[in-house]
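**Student:** Provided below: run.cif, containing mmCIF, C-alpha atoms and all ligand atoms.
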```
data_run
#
loop_
_atom_site.label_atom_id
_atom_site.label_comp_id
_atom_site.auth_asym_id
_atom_site.auth_seq_id
_atom_site.Cartn_x
_atom_site.Cartn_y
_atom_site.Cartn_z
CA MET A 1 0.00 0.00 0.00
CA THR A 2 1.42 3.42 -0.91
CA ARG A 3 1.88 5.59 2.11
CA LEU A 4 -0.35 8.65 2.48
CA ARG A 5 1.72 11.85 2.34
CA LEU A 6 0.70 14.06 5.24
CA ALA A 7 1.88 17.30 6.85
CA VAL A 8 1.09 19.09 10.09
CA ILE A 9 0.68 22.85 10.01
CA GLY A 10 1.36 24.48 13.38
CA VAL A 11 3.40 22.25 15.66
CA GLY A 12 2.99 23.90 19.05
CA HIS A 13 1.48 22.25 22.13
CA LEU A 14 -0.98 20.03 20.23
CA GLY A 15 0.41 19.98 16.68
CA LYS A 16 3.66 18.36 17.84
CA GLU A 17 1.55 15.44 19.15
CA HIS A 18 -0.22 15.17 15.77
CA ALA A 19 3.22 15.02 14.14
CA ARG A 20 4.56 12.44 16.59
CA ILE A 21 1.59 10.11 16.08
CA LEU A 22 1.42 10.52 12.28
CA ALA A 23 5.15 9.78 12.02
CA SER A 24 4.51 6.49 13.84
CA LEU A 25 1.65 5.27 11.61
CA PRO A 26 2.90 2.64 9.16
CA ASP A 27 0.68 3.74 6.25
CA VAL A 28 1.62 7.44 6.57
CA GLU A 29 4.62 9.37 5.35
CA LEU A 30 4.98 12.57 7.34
CA VAL A 31 6.52 14.68 4.59
CA GLY A 32 6.94 17.80 6.68
CA VAL A 33 5.85 20.05 9.50
CA ALA A 34 5.31 23.79 9.13
CA ASP A 35 5.43 26.43 11.83
CA VAL A 36 5.95 30.18 11.61
CA ASN A 37 8.36 29.68 14.51
CA PRO A 38 11.27 28.06 12.59
CA GLU A 39 12.97 26.74 15.74
CA GLN A 40 9.79 24.98 16.80
CA ALA A 41 9.43 23.49 13.31
CA GLN A 42 13.07 22.29 13.40
CA THR A 43 12.77 20.73 16.86
CA VAL A 44 9.60 18.81 15.97
CA ALA A 45 10.89 17.81 12.52
CA ARG A 46 14.10 16.43 14.02
CA ARG A 47 12.15 14.46 16.61
CA CYS A 48 9.81 13.02 13.96
CA GLY A 49 12.41 12.38 11.27
CA THR A 50 10.87 14.76 8.75
CA ARG A 51 11.50 18.16 7.12
CA ALA A 52 10.81 21.53 8.72
CA TYR A 53 9.11 24.40 6.91
CA SER A 54 8.55 27.94 8.15
CA SER A 55 5.48 28.30 5.91
CA TYR A 56 2.83 25.83 4.75
CA TRP A 57 2.94 27.06 1.13
CA PRO A 58 5.56 24.61 -0.24
CA LEU A 59 3.64 21.73 1.35
CA LEU A 60 0.54 22.43 -0.75
CA ASN A 61 2.34 20.72 -3.65
CA LEU A 62 3.86 17.89 -1.65
CA VAL A 63 1.02 16.28 0.32
CA ASP A 64 -2.14 14.19 -0.11
CA ALA A 65 -3.71 15.71 3.04
CA ALA A 66 -2.89 17.89 6.06
CA CYS A 67 -3.64 18.41 9.74
CA ILE A 68 -3.99 22.03 10.79
CA ALA A 69 -3.15 22.77 14.43
CA ALA A 70 -2.19 26.43 14.10
CA PRO A 71 -4.03 28.96 16.31
CA THR A 72 -7.77 29.25 15.59
CA CYS A 73 -7.43 32.66 13.94
CA GLU A 74 -5.37 30.93 11.20
CA HIS A 75 -7.67 27.94 10.55
CA HIS A 76 -9.79 29.61 7.90
CA ALA A 77 -6.96 31.02 5.76
CA ILE A 78 -4.85 27.85 5.88
CA GLY A 79 -7.83 25.49 5.51
CA CYS A 80 -9.10 27.35 2.42
CA GLU A 81 -5.76 26.95 0.62
CA PHE A 82 -5.73 23.18 1.09
CA LEU A 83 -9.43 22.67 0.34
CA ARG A 84 -9.28 24.82 -2.82
CA ARG A 85 -6.73 22.35 -4.15
CA GLY A 86 -9.01 19.43 -3.27
CA LEU A 87 -6.71 18.34 -0.42
CA PRO A 88 -8.44 16.78 2.62
CA VAL A 89 -7.84 18.47 5.97
CA LEU A 90 -8.27 17.72 9.64
CA ILE A 91 -8.67 21.10 11.34
CA GLU A 92 -8.35 21.39 15.10
CA LYS A 93 -11.32 22.64 17.11
CA PRO A 94 -12.82 25.19 16.97
CA LEU A 95 -13.16 24.91 13.19
CA ALA A 96 -12.96 28.69 12.79
CA LEU A 97 -13.49 31.99 14.58
CA ASN A 98 -17.10 32.43 13.45
CA ARG A 99 -19.97 30.87 11.54
CA GLU A 100 -19.16 32.63 8.26
CA GLN A 101 -15.59 31.33 8.15
CA ALA A 102 -16.69 27.83 9.16
CA GLU A 103 -19.42 27.80 6.50
CA GLU A 104 -16.91 28.79 3.82
CA LEU A 105 -14.69 25.86 4.76
CA VAL A 106 -17.67 23.48 4.60
CA ILE A 107 -18.72 24.83 1.18
CA LEU A 108 -15.17 24.51 -0.19
CA ALA A 109 -14.91 20.90 1.00
CA ARG A 110 -18.24 20.07 -0.67
CA ARG A 111 -17.37 21.88 -3.90
CA HIS A 112 -14.08 20.00 -4.19
CA HIS A 113 -15.55 16.66 -3.01
CA THR A 114 -12.93 16.39 -0.34
CA ILE A 115 -12.82 15.63 3.39
CA LEU A 116 -13.06 18.21 6.13
CA GLN A 117 -12.74 16.65 9.58
CA VAL A 118 -12.81 18.69 12.80
CA GLY A 119 -10.69 17.87 15.85
CA HIS A 120 -13.50 17.49 18.38
CA ILE A 121 -11.49 14.89 20.21
CA GLU A 122 -13.98 14.24 23.03
CA ARG A 123 -16.16 12.36 20.52
CA PHE A 124 -13.43 9.73 20.70
CA ASN A 125 -13.45 9.66 24.51
CA PRO A 126 -14.29 6.04 25.39
CA ALA A 127 -16.59 7.14 28.25
CA PHE A 128 -18.63 9.26 25.82
CA GLU A 129 -18.59 6.45 23.24
CA GLU A 130 -19.92 4.10 25.92
CA LEU A 131 -22.78 6.49 26.70
CA GLY A 132 -23.57 6.65 22.98
CA ARG A 133 -24.13 2.88 22.91
CA ARG A 134 -27.03 3.18 25.38
CA PRO A 135 -30.57 4.42 24.77
CA PHE A 136 -30.66 7.83 26.36
CA GLN A 137 -32.81 10.92 25.74
CA PRO A 138 -31.13 13.79 27.61
CA LYS A 139 -33.61 16.27 29.05
CA PHE A 140 -31.33 18.15 31.43
CA VAL A 141 -27.56 18.41 30.97
CA GLU A 142 -24.87 20.08 33.04
CA CYS A 143 -21.37 20.54 31.63
CA HIS A 144 -18.27 21.66 33.51
CA ARG A 145 -15.02 22.19 31.69
CA LEU A 146 -12.57 23.96 33.97
CA GLY A 147 -8.81 24.31 33.98
CA PRO A 148 -5.97 26.64 34.86
CA PHE A 149 -4.76 29.46 32.62
CA THR A 150 -2.23 28.04 30.14
CA GLY A 151 -1.30 31.25 28.32
CA ARG A 152 -2.22 29.55 25.02
CA SER A 153 -5.24 30.10 22.73
CA THR A 154 -5.41 33.78 23.70
CA ASP A 155 -6.84 34.56 20.23
CA ILE A 156 -10.12 33.12 21.52
CA GLY A 157 -12.00 33.04 24.83
CA ALA A 158 -13.28 30.23 27.03
CA VAL A 159 -16.36 29.68 24.83
CA LEU A 160 -14.47 28.89 21.62
CA ASP A 161 -11.56 27.32 23.46
CA LEU A 162 -13.29 25.06 26.02
CA MET A 163 -17.09 25.24 25.91
CA ILE A 164 -16.96 24.36 22.20
CA HIS A 165 -16.18 20.73 23.16
CA ASP A 166 -19.44 20.46 25.12
CA LEU A 167 -21.43 22.35 22.48
CA ASP A 168 -20.39 19.79 19.90
CA LEU A 169 -21.16 16.87 22.24
CA LEU A 170 -24.55 18.36 23.13
CA LEU A 171 -25.56 18.98 19.53
CA HIS A 172 -24.53 15.41 18.76
CA LEU A 173 -26.58 14.01 21.65
CA VAL A 174 -29.67 16.20 21.55
CA LYS A 175 -29.94 16.62 17.77
CA GLY A 176 -32.28 19.55 17.47
CA PRO A 177 -32.30 23.31 17.19
CA VAL A 178 -31.50 25.54 20.15
CA VAL A 179 -34.40 27.94 20.63
CA ALA A 180 -33.09 30.10 23.48
CA VAL A 181 -29.64 31.15 24.68
CA GLU A 182 -28.80 32.96 27.91
CA ALA A 183 -25.18 33.56 28.84
CA LEU A 184 -22.68 35.61 30.75
CA GLY A 185 -18.93 35.65 30.81
CA ALA A 186 -16.12 37.59 32.39
CA SER A 187 -12.57 38.39 31.43
CA ILE A 188 -10.28 37.76 34.40
CA PHE A 189 -6.89 38.34 32.78
CA GLY A 190 -7.87 41.22 30.50
CA GLY A 191 -8.42 39.59 27.10
CA GLU A 192 -11.36 37.51 25.89
CA GLU A 193 -13.75 35.89 28.40
CA ASP A 194 -11.94 33.46 30.72
CA VAL A 195 -15.09 32.17 32.42
CA ALA A 196 -18.45 31.66 30.79
CA HIS A 197 -21.84 30.24 31.70
CA ALA A 198 -24.58 29.44 29.21
CA ARG A 199 -28.10 28.10 29.49
CA LEU A 200 -29.50 26.59 26.32
CA THR A 201 -33.05 25.48 25.61
CA PHE A 202 -33.51 22.99 22.80
CA ALA A 203 -36.69 22.78 20.71
CA ASN A 204 -37.32 19.28 22.10
CA GLY A 205 -37.47 20.63 25.66
CA CYS A 206 -33.95 19.65 26.70
CA LEU A 207 -32.25 22.22 28.88
CA ALA A 208 -28.46 22.51 29.21
CA ASN A 209 -26.30 24.50 31.61
CA LEU A 210 -22.67 24.88 30.62
CA THR A 211 -19.72 26.31 32.55
CA ALA A 212 -16.29 26.83 31.06
CA SER A 213 -13.32 28.36 32.80
CA ARG A 214 -9.64 28.75 32.11
CA ALA A 215 -9.08 30.43 35.44
CA SER A 216 -9.74 27.48 37.70
CA ALA A 217 -7.22 25.88 40.03
CA GLN A 218 -9.16 22.60 40.05
CA PRO A 219 -9.41 20.97 36.61
CA GLN A 220 -12.70 19.30 35.76
CA ARG A 221 -14.18 17.90 32.53
CA CYS A 222 -17.59 16.45 33.33
CA MET A 223 -21.01 16.12 31.78
CA ARG A 224 -24.02 15.13 33.88
CA LEU A 225 -27.20 14.12 32.08
CA TRP A 226 -30.67 13.33 33.26
CA GLY A 227 -33.34 11.69 31.10
CA PRO A 228 -36.35 9.41 31.46
CA GLU A 229 -33.99 6.42 31.30
CA GLY A 230 -31.98 7.62 34.31
CA TYR A 231 -28.86 9.62 35.07
CA ALA A 232 -25.40 9.53 33.53
CA LYS A 233 -22.15 11.21 34.47
CA VAL A 234 -19.31 11.28 31.97
CA ASP A 235 -15.94 12.06 33.52
CA PHE A 236 -13.86 12.88 30.45
CA ALA A 237 -10.57 13.21 32.32
CA ARG A 238 -10.85 9.88 34.15
CA ARG A 239 -12.72 8.24 31.25
CA ARG A 240 -15.36 6.92 33.59
CA LEU A 241 -19.06 6.62 33.03
CA THR A 242 -21.50 6.44 35.94
CA LEU A 243 -25.02 5.25 35.15
CA VAL A 244 -27.99 5.26 37.51
CA GLN A 245 -31.39 3.84 36.59
CA PRO A 246 -34.60 3.15 38.51
CA SER A 247 -35.02 -0.53 39.36
CA GLU A 248 -37.87 -2.50 37.77
CA ARG A 249 -39.51 -2.48 41.18
CA LEU A 250 -39.36 1.31 41.45
CA ARG A 251 -40.76 1.70 37.93
CA ARG A 252 -43.53 -0.81 38.70
CA GLU A 253 -44.53 0.21 42.21
CA GLY A 254 -43.16 3.72 42.64
CA LEU A 255 -41.97 4.90 46.03
CA ASP A 256 -44.20 7.07 48.15
CA PRO A 257 -42.39 7.73 51.44
CA ARG A 258 -45.65 8.95 53.01
CA ARG A 259 -47.02 5.40 52.82
CA LEU A 260 -44.00 3.81 54.50
CA ASP A 261 -44.10 3.00 58.19
CA PRO A 262 -41.28 4.50 60.32
CA ALA A 263 -39.21 1.29 60.21
CA ALA A 264 -39.39 1.06 56.40
CA ARG A 265 -38.62 4.77 56.13
CA ALA A 266 -35.54 4.34 58.30
CA LEU A 267 -34.36 1.56 55.98
CA LEU A 268 -34.81 3.72 52.90
CA ARG A 269 -31.42 5.38 53.03
CA ASP A 270 -29.65 2.00 53.11
CA GLU A 271 -31.83 0.47 50.43
CA LEU A 272 -32.14 3.44 48.07
CA TYR A 273 -29.10 2.52 45.97
CA GLY A 274 -29.57 -1.11 45.04
CA LYS A 275 -33.22 -1.80 45.68
CA TYR A 276 -34.64 1.35 44.10
CA LEU A 277 -31.82 2.91 42.12
CA GLU A 278 -29.32 0.70 40.32
CA VAL A 279 -25.84 2.09 39.85
CA ARG A 280 -23.15 1.02 37.40
CA GLU A 281 -19.64 2.49 37.40
CA LEU A 282 -17.73 1.86 34.18
CA ASP A 283 -14.01 2.37 33.81
CA CYS A 284 -13.71 2.94 30.07
CA ASN A 285 -9.92 3.28 29.94
CA GLY A 286 -8.52 1.15 27.18
CA PRO A 287 -5.15 0.65 25.58
CA GLY A 288 -5.55 3.37 22.92
CA ASP A 289 -5.56 7.16 23.10
CA GLN A 290 -8.09 9.56 21.58
CA LEU A 291 -5.73 11.56 19.38
CA THR A 292 -4.37 8.42 17.73
CA GLU A 293 -7.93 7.20 17.11
CA GLU A 294 -8.91 10.57 15.64
CA LEU A 295 -5.87 10.63 13.33
CA ARG A 296 -6.35 7.00 12.28
CA GLU A 297 -9.93 7.84 11.37
CA PHE A 298 -8.74 10.80 9.27
CA VAL A 299 -6.28 8.58 7.39
CA ARG A 300 -8.98 5.94 6.84
CA CYS A 301 -11.48 8.53 5.54
CA VAL A 302 -8.92 10.05 3.18
CA ARG A 303 -8.12 6.59 1.82
CA THR A 304 -11.71 5.36 1.48
CA GLY A 305 -13.70 8.58 1.00
CA ALA A 306 -15.85 7.66 4.03
CA SER A 307 -17.45 10.46 6.07
CA PRO A 308 -15.56 11.28 9.26
CA ARG A 309 -17.21 10.99 12.67
CA VAL A 310 -16.93 14.78 13.07
CA PRO A 311 -17.48 16.33 9.64
CA GLY A 312 -17.08 20.03 8.85
CA GLU A 313 -20.84 20.57 9.21
CA ASP A 314 -20.68 19.53 12.88
CA GLY A 315 -17.72 21.82 13.50
CA ARG A 316 -19.62 24.66 11.83
CA ASP A 317 -22.75 24.06 13.93
CA ALA A 318 -20.73 24.14 17.15
CA VAL A 319 -19.05 27.40 16.09
CA ALA A 320 -22.43 28.90 15.13
CA LEU A 321 -23.86 28.06 18.56
CA ALA A 322 -20.72 29.44 20.23
CA GLY A 323 -21.33 32.65 18.27
CA ARG A 324 -24.84 32.94 19.71
CA ILE A 325 -23.45 32.43 23.21
CA LEU A 326 -20.77 35.08 22.65
CA GLU A 327 -23.45 37.49 21.44
CA ALA A 328 -25.48 36.83 24.60
CA ILE A 329 -22.35 37.40 26.71
CA ARG A 330 -21.67 40.71 24.97
CA GLY A 331 -25.23 41.82 25.68
CA HIS A 332 -25.44 40.68 29.30
CA ARG A 333 -26.34 43.59 31.59
CA TRP A 334 -24.59 42.97 34.87
CA GLU A 335 -26.78 45.39 36.81
CA GLY A 336 -29.95 44.98 34.77
CA ARG A 337 -29.70 48.61 33.60
CA SER A 338 -29.45 49.64 29.98
CA ASP A 339 -26.76 52.22 30.90
CA GLY A 340 -24.78 49.81 33.08
CA ALA A 341 -21.81 47.54 32.39
CA THR A 342 -22.20 44.85 29.71
CA GLY A 343 -20.09 42.11 28.22
CA PRO A 344 -17.06 40.16 29.40
CA ARG A 345 -14.61 43.05 29.79
CA GLN A 346 -16.74 45.59 31.66
CA LEU A 347 -17.79 44.58 35.14
CA PRO A 348 -19.57 46.62 37.82
CA PRO A 349 -17.08 48.39 40.14
CA PRO A 350 -16.09 46.12 43.06
CA ARG A 351 -17.48 47.03 46.51
CA GLY A 352 -14.17 46.18 48.13
CA ARG A 353 -11.67 43.40 48.68
CA LEU A 354 -12.83 39.98 49.89
CA PHE A 355 -9.85 39.75 52.20
CA ALA A 356 -6.67 41.70 52.89
CA SER A 357 -4.16 40.56 50.30
CA PRO A 358 -0.38 40.93 50.83
CA ASP A 359 -0.31 43.40 47.89
CA ALA A 360 -2.94 45.65 49.47
CA GLU A 361 -1.21 45.54 52.87
CA ALA A 362 2.12 46.43 51.31
CA ALA A 363 0.55 49.36 49.45
CA ALA A 364 -1.22 50.69 52.61
N1 LIG A 401 -8.69 19.15 20.47
C1 LIG A 401 -8.23 19.63 21.60
O1 LIG A 401 -8.55 19.14 22.68
C2 LIG A 401 -7.30 20.80 21.56
C3 LIG A 401 -6.39 21.01 22.62
C4 LIG A 401 -5.51 22.09 22.52
C5 LIG A 401 -5.55 22.92 21.42
N2 LIG A 401 -6.46 22.70 20.42
C6 LIG A 401 -6.52 23.58 19.27
O2 LIG A 401 -5.33 23.42 18.50
C7 LIG A 401 -4.92 24.67 17.96
C8 LIG A 401 -3.49 24.95 18.43
O3 LIG A 401 -3.47 25.05 19.83
P1 LIG A 401 -2.10 24.87 20.67
O4 LIG A 401 -2.49 24.82 22.10
O5 LIG A 401 -1.27 23.77 20.10
O6 LIG A 401 -1.42 26.28 20.36
P2 LIG A 401 0.12 26.64 20.35
O7 LIG A 401 0.19 28.12 20.42
O8 LIG A 401 0.87 25.83 21.36
O9 LIG A 401 0.60 26.15 18.90
C9 LIG A 401 0.25 26.80 17.73
C10 LIG A 401 1.48 26.76 16.81
O10 LIG A 401 1.09 27.26 15.53
C11 LIG A 401 2.14 28.09 15.03
N3 LIG A 401 1.57 28.98 14.02
C12 LIG A 401 0.96 30.19 14.19
N4 LIG A 401 0.54 30.66 13.00
C13 LIG A 401 0.91 29.75 12.07
C14 LIG A 401 0.78 29.69 10.65
N5 LIG A 401 0.17 30.65 9.96
N6 LIG A 401 1.31 28.62 10.01
C15 LIG A 401 1.94 27.64 10.70
N7 LIG A 401 2.10 27.66 12.04
C16 LIG A 401 1.58 28.69 12.71
C17 LIG A 401 2.69 28.77 16.27
O11 LIG A 401 4.00 29.25 16.05
C18 LIG A 401 2.63 27.64 17.30
O12 LIG A 401 3.83 26.89 17.34
C19 LIG A 401 -5.96 25.70 18.43
O13 LIG A 401 -6.93 25.86 17.44
C20 LIG A 401 -6.58 25.05 19.66
O14 LIG A 401 -7.92 25.47 19.88
C21 LIG A 401 -7.31 21.66 20.48
#
```
Take the structure in the file and write it out as C-alpha cells.
Ligand SMILES: NC(=O)c1ccc[n+]([C@@H]2O[C@H](COP(=O)([O-])OP(=O)(O)OC[C@H]3O[C@@H](n4cnc5c(N)ncnc54)[C@H](O)[C@@H]3O)[C@@H](O)[C@H]2O)c1
**Tutor:**
Amino acid sequence: MTRLRLAVIGVGHLGKEHARILASLPDVELVGVADVNPEQAQTVARRCGTRAYSSYWPLLNLVDAACIAAPTCEHHAIGCEFLRRGLPVLIEKPLALNREQAEELVILARRHHTILQVGHIERFNPAFEELGRRPFQPKFVECHRLGPFTGRSTDIGAVLDLMIHDLDLLLHLVKGPVVAVEALGASIFGGEEDVAHARLTFANGCLANLTASRASAQPQRCMRLWGPEGYAKVDFARRRLTLVQPSERLRREGLDPRRLDPAARALLRDELYGKYLEVRELDCNGPGDQLTEELREFVRCVRTGASPRVPGEDGRDAVALAGRILEAIRGHRWEGRSDGATGPRQLPPPRGRLFASPDAEAAA
C-alpha cells in the first residue's frame, strides 16, 4: 500500500503530538511540519524524522492531506488553501473563529468533493462512546469544563476554546435546534472571556447549563445528564461513566415515602441505591488514546472517502452556537440597567476586597 503523504501545520502544544503520532503510523509518510516559529518546526521535525518548513505554502504541492493545528485565527486562511486544491484536511477545534468562516470551509470541501474533519477529540473519549451505545434521551444536561490558565489560545476566549467541546457533544446528543440562549462571561486576565456560563433550551425541551473556565485551580471535565432512562455522568478526564437507573420495582410500584411505616422509612437510606436505584460504574480506559484514534480515522477517511465521525458541518454548527453564546455574553447587563456595564470586559465596580491581600497591605 502506498503511504499517504501528510503534513502538520502548526506544531505547538498540540500539533507536535499530531506530528509524533502521524510519524509512527505505518501507512503514513509525514513529509513535513510547518510552523511560523522556525525553531519549533526544526525541533519537531528532528524528533519526527521529517522536514521543517517555516510556511505551509511549499507543502501544498507535496502532500495528499494535512492536519492544521495552528491557532484558531489561522484555521480559515490555511484550511481554504488546502481545500481549494481538493486536499483533505483535519482542522483542530474550533473549526474557525465564526460561523461565516466555518461555512466557507464546509462549502469549499463540498465543492471540491474532499474531506473536512474537525478535531472534536472528546467524541473519541471512550466514556462518551460508551454512553452513545445506550438508549438515552437527555432532558437536562450540566457541563463543567474547567482548567488553569495556560497562556495559550489567547486569540479566543473560554467559549471557543473550552465550551466548544461540550457544544459539539450536546448537539450530537440532543440533535435539534437551540431555541433560546442565555449567557454571561467575564474576562479575568484582561483579554477575551476566561469564564463563561450558558443556558441553552432545545426545541425538544432539553435544557443545558454549561460552565467553562480557564481560570480554575481545580481541573474538571464532566457532563451530567438526566433523562427518562436515568442519570449519567461522563468524567472525560478519568474516562469513567456512571449510570444510575430506577429498578424495575421502582418503575412498577413507585416509592411514596408517606405510605411507608417509620421502620421502612428508616431503611430507605440504606436500600435506596440497590433496591430502588441501580448504579453502574464503568471504567472505560482502554489501551488506545483519543488523538491516535482521531488521526487513524482521518487517514482511513482520506483513503476510502468515508465520512468522518466529526465532519465540517458539525464543526460549523458548534461554532455557530458558540457565536450565539458570545453574542449573549456581549449583551449581558450585569446590573440589569441599559446604561450599566455589559459584556465580558466591563464589570460593575467592586465594593471592596474579599480579604486583605499581601499586595494591598504592602501598598497601605
Ligand atoms: N482538540 C483539543 O482538545 C485541543 C487542545 C488544545 C488545542 N487545540 C486547538 O489546536 C490549535 C493549536 O493550539 P495549541 O495549544 O497547540 O497552540 P500553540 O500556540 O501551542 O501552537 C500553535 C502553533 O502554531 C504556530 N503557528 C501560528 N501561526 C501559524 C501559521 N500561519 N502557520 C503555521 N504555524 C503557525 C505557532 O508558532 C505555534 O507553534 C488551536 O486551534 C486550539 O484550539 C485543540
**Student:** Please measure the separation of atom CA of Arg239 of chain A and atom CA of Ala70 of chain A, giving the value in Å to one decimal.
**Tutor:**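 Going from atom CA of Arg239 of chain A over to atom CA of Ala70 of chain A covers 27.1 Å.
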**Student:** Would you pick out the contacts of Glu248 of chain A at 12 Å or less, using only C-alpha atoms, so that residues sharing its chain but fewer than 6 positions from it are not included, and give the list as a list of chain:residue names?
**Tutor:**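 The residues satisfying every condition are A:Glu229, A:Gly254, A:Leu255, A:Gly274, A:Lys275, A:Tyr276, A:Leu277, A:Glu278.
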**Student:** Can you check which parts of chain A lie within 9 Å of ligand LIG 401 (chain A)? Per residue, the shortest pair of atoms and distance in Å to one decimal, counting all atoms listed in the file, sorted by chain and number, as a Markdown table.
**Tutor:**
```
| residue | atom | partner | partner_atom | distance |
| --- | --- | --- | --- | --- |
| A:Val8 | CA | A:LIG401 | C15 | 8.6 |
| A:Ile9 | CA | A:LIG401 | C15 | 5.0 |
| A:Gly10 | CA | A:LIG401 | O10 | 3.5 |
| A:Val11 | CA | A:LIG401 | O12 | 5.0 |
| A:Gly12 | CA | A:LIG401 | O9 | 3.3 |
| A:His13 | CA | A:LIG401 | O8 | 3.7 |
| A:Leu14 | CA | A:LIG401 | O5 | 3.8 |
| A:Gly15 | CA | A:LIG401 | O5 | 5.4 |
| A:Lys16 | CA | A:LIG401 | O5 | 7.7 |
| A:Glu17 | CA | A:LIG401 | O5 | 8.8 |
| A:Val33 | CA | A:LIG401 | C15 | 8.6 |
| A:Ala34 | CA | A:LIG401 | C15 | 5.4 |
| A:Asp35 | CA | A:LIG401 | N7 | 3.6 |
| A:Val36 | CA | A:LIG401 | N7 | 4.6 |
| A:Asn37 | CA | A:LIG401 | O11 | 4.6 |
| A:Pro38 | CA | A:LIG401 | O11 | 8.1 |
| A:Gln40 | CA | A:LIG401 | O12 | 6.3 |
| A:Ala41 | CA | A:LIG401 | O12 | 7.7 |
| A:Tyr53 | CA | A:LIG401 | C15 | 8.7 |
| A:Ser54 | CA | A:LIG401 | C15 | 7.1 |
| A:Ser55 | CA | A:LIG401 | N6 | 5.9 |
| A:Tyr56 | CA | A:LIG401 | N6 | 6.1 |
| A:Ile68 | CA | A:LIG401 | C7 | 7.7 |
| A:Ala69 | CA | A:LIG401 | C7 | 4.4 |
| A:Ala70 | CA | A:LIG401 | O10 | 3.7 |
| A:Pro71 | CA | A:LIG401 | C19 | 4.3 |
| A:Thr72 | CA | A:LIG401 | O13 | 4.0 |
| A:Cys73 | CA | A:LIG401 | O13 | 7.7 |
| A:Glu74 | CA | A:LIG401 | N5 | 5.7 |
| A:His75 | CA | A:LIG401 | O13 | 7.2 |
| A:Ala77 | CA | A:LIG401 | N5 | 8.3 |
| A:Ile78 | CA | A:LIG401 | N5 | 7.0 |
| A:Ile91 | CA | A:LIG401 | O13 | 7.9 |
| A:Glu92 | CA | A:LIG401 | O2 | 5.0 |
| A:Lys93 | CA | A:LIG401 | O14 | 5.2 |
| A:Pro94 | CA | A:LIG401 | O14 | 5.7 |
| A:Leu95 | CA | A:LIG401 | O13 | 7.6 |
| A:Ala96 | CA | A:LIG401 | O13 | 8.1 |
| A:Val118 | CA | A:LIG401 | N1 | 8.7 |
| A:Gly119 | CA | A:LIG401 | N1 | 5.2 |
| A:His120 | CA | A:LIG401 | N1 | 5.5 |
| A:Ile121 | CA | A:LIG401 | N1 | 5.1 |
| A:Glu122 | CA | A:LIG401 | O1 | 7.3 |
| A:Thr150 | CA | A:LIG401 | O4 | 8.7 |
| A:Gly151 | CA | A:LIG401 | O7 | 8.6 |
| A:Arg152 | CA | A:LIG401 | O7 | 5.4 |
| A:Ser153 | CA | A:LIG401 | O6 | 5.9 |
| A:Thr154 | CA | A:LIG401 | O7 | 8.6 |
| A:Ile156 | CA | A:LIG401 | O14 | 8.1 |
| A:Leu160 | CA | A:LIG401 | O14 | 7.6 |
| A:Asp161 | CA | A:LIG401 | O14 | 5.4 |
| A:Leu162 | CA | A:LIG401 | O14 | 8.2 |
| A:His165 | CA | A:LIG401 | O1 | 7.8 |
| A:Leu291 | CA | A:LIG401 | N1 | 8.2 |
```
**Student:** From the list A:Pro177, A:Leu267, A:Asp283, A:Arg303, which residue is nearest Met1 of chain A when using all atoms listed in the file?
**Tutor:**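 Looking at the shortest contact to Met1 of chain A, the residue is A:Arg303.
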**Student:** When you draw a straight line from atom CA of Leu87 of chain A to atom CA of Ala66 of chain A, how long is it in Å?
**Tutor:**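 One can read the atom CA of Leu87 of chain A to atom CA of Ala66 of chain A distance as 7.5 Å.
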**Student:** Each residue of segment 93-145 of chain A lying at most 12 Å from segment 309-328 of chain A should get a row with its shortest atom-to-atom pair and the distance in Å to one decimal, counting only C-alpha atoms; could you produce that, ordered by chain and increasing number, as a tab-separated table?
**Tutor:**
```
residue	atom	partner	partner_atom	distance
A:Lys93	CA	A:Gly315	CA	7.4
A:Pro94	CA	A:Val319	CA	6.7
A:Leu95	CA	A:Gly315	CA	5.5
A:Ala96	CA	A:Val319	CA	7.0
A:Leu97	CA	A:Val319	CA	7.4
A:Asn98	CA	A:Val319	CA	6.0
A:Arg99	CA	A:Ala320	CA	4.8
A:Glu100	CA	A:Ala320	CA	8.5
A:Gln101	CA	A:Arg316	CA	8.6
A:Ala102	CA	A:Arg316	CA	5.1
A:Glu103	CA	A:Arg316	CA	6.2
A:Glu104	CA	A:Arg316	CA	9.4
A:Leu105	CA	A:Gly312	CA	7.5
A:Val106	CA	A:Gly312	CA	5.5
A:Ile107	CA	A:Gly312	CA	9.2
A:Leu108	CA	A:Gly312	CA	10.3
A:Ala109	CA	A:Gly312	CA	8.2
A:Arg110	CA	A:Gly312	CA	9.6
A:Thr114	CA	A:Gly312	CA	10.7
A:Ile115	CA	A:Pro311	CA	7.8
A:Leu116	CA	A:Gly312	CA	5.2
A:Gln117	CA	A:Pro311	CA	4.8
A:Val118	CA	A:Val310	CA	5.7
A:Gly119	CA	A:Val310	CA	7.5
A:His120	CA	A:Val310	CA	6.9
A:Ile121	CA	A:Val310	CA	9.0
A:Glu122	CA	A:Val310	CA	10.4
A:Arg123	CA	A:Val310	CA	7.9
A:Phe124	CA	A:Arg309	CA	9.0
A:Glu129	CA	A:Arg309	CA	11.6
```
**Student:** Write segment 126-131 of chain A as a compact mmCIF listing (two decimals), in the frame of the given file, completed to N, CA and C atoms.
**Tutor:**
```txt
# COMPACT_ATOMS: atom_id res chain seq x y z
N PRO A 126 -13.58 7.33 25.25
CA PRO A 126 -14.29 6.04 25.39
C PRO A 126 -15.47 6.11 26.35
N ALA A 127 -15.44 7.03 27.33
CA ALA A 127 -16.59 7.14 28.25
C ALA A 127 -17.79 7.72 27.51
N PHE A 128 -17.54 8.68 26.62
CA PHE A 128 -18.63 9.26 25.82
C PHE A 128 -19.12 8.25 24.78
N GLU A 129 -18.19 7.49 24.21
CA GLU A 129 -18.59 6.45 23.24
C GLU A 129 -19.49 5.43 23.92
N GLU A 130 -19.15 5.09 25.17
CA GLU A 130 -19.92 4.10 25.92
C GLU A 130 -21.34 4.61 26.17
N LEU A 131 -21.45 5.90 26.51
CA LEU A 131 -22.78 6.49 26.70
C LEU A 131 -23.59 6.40 25.40
```
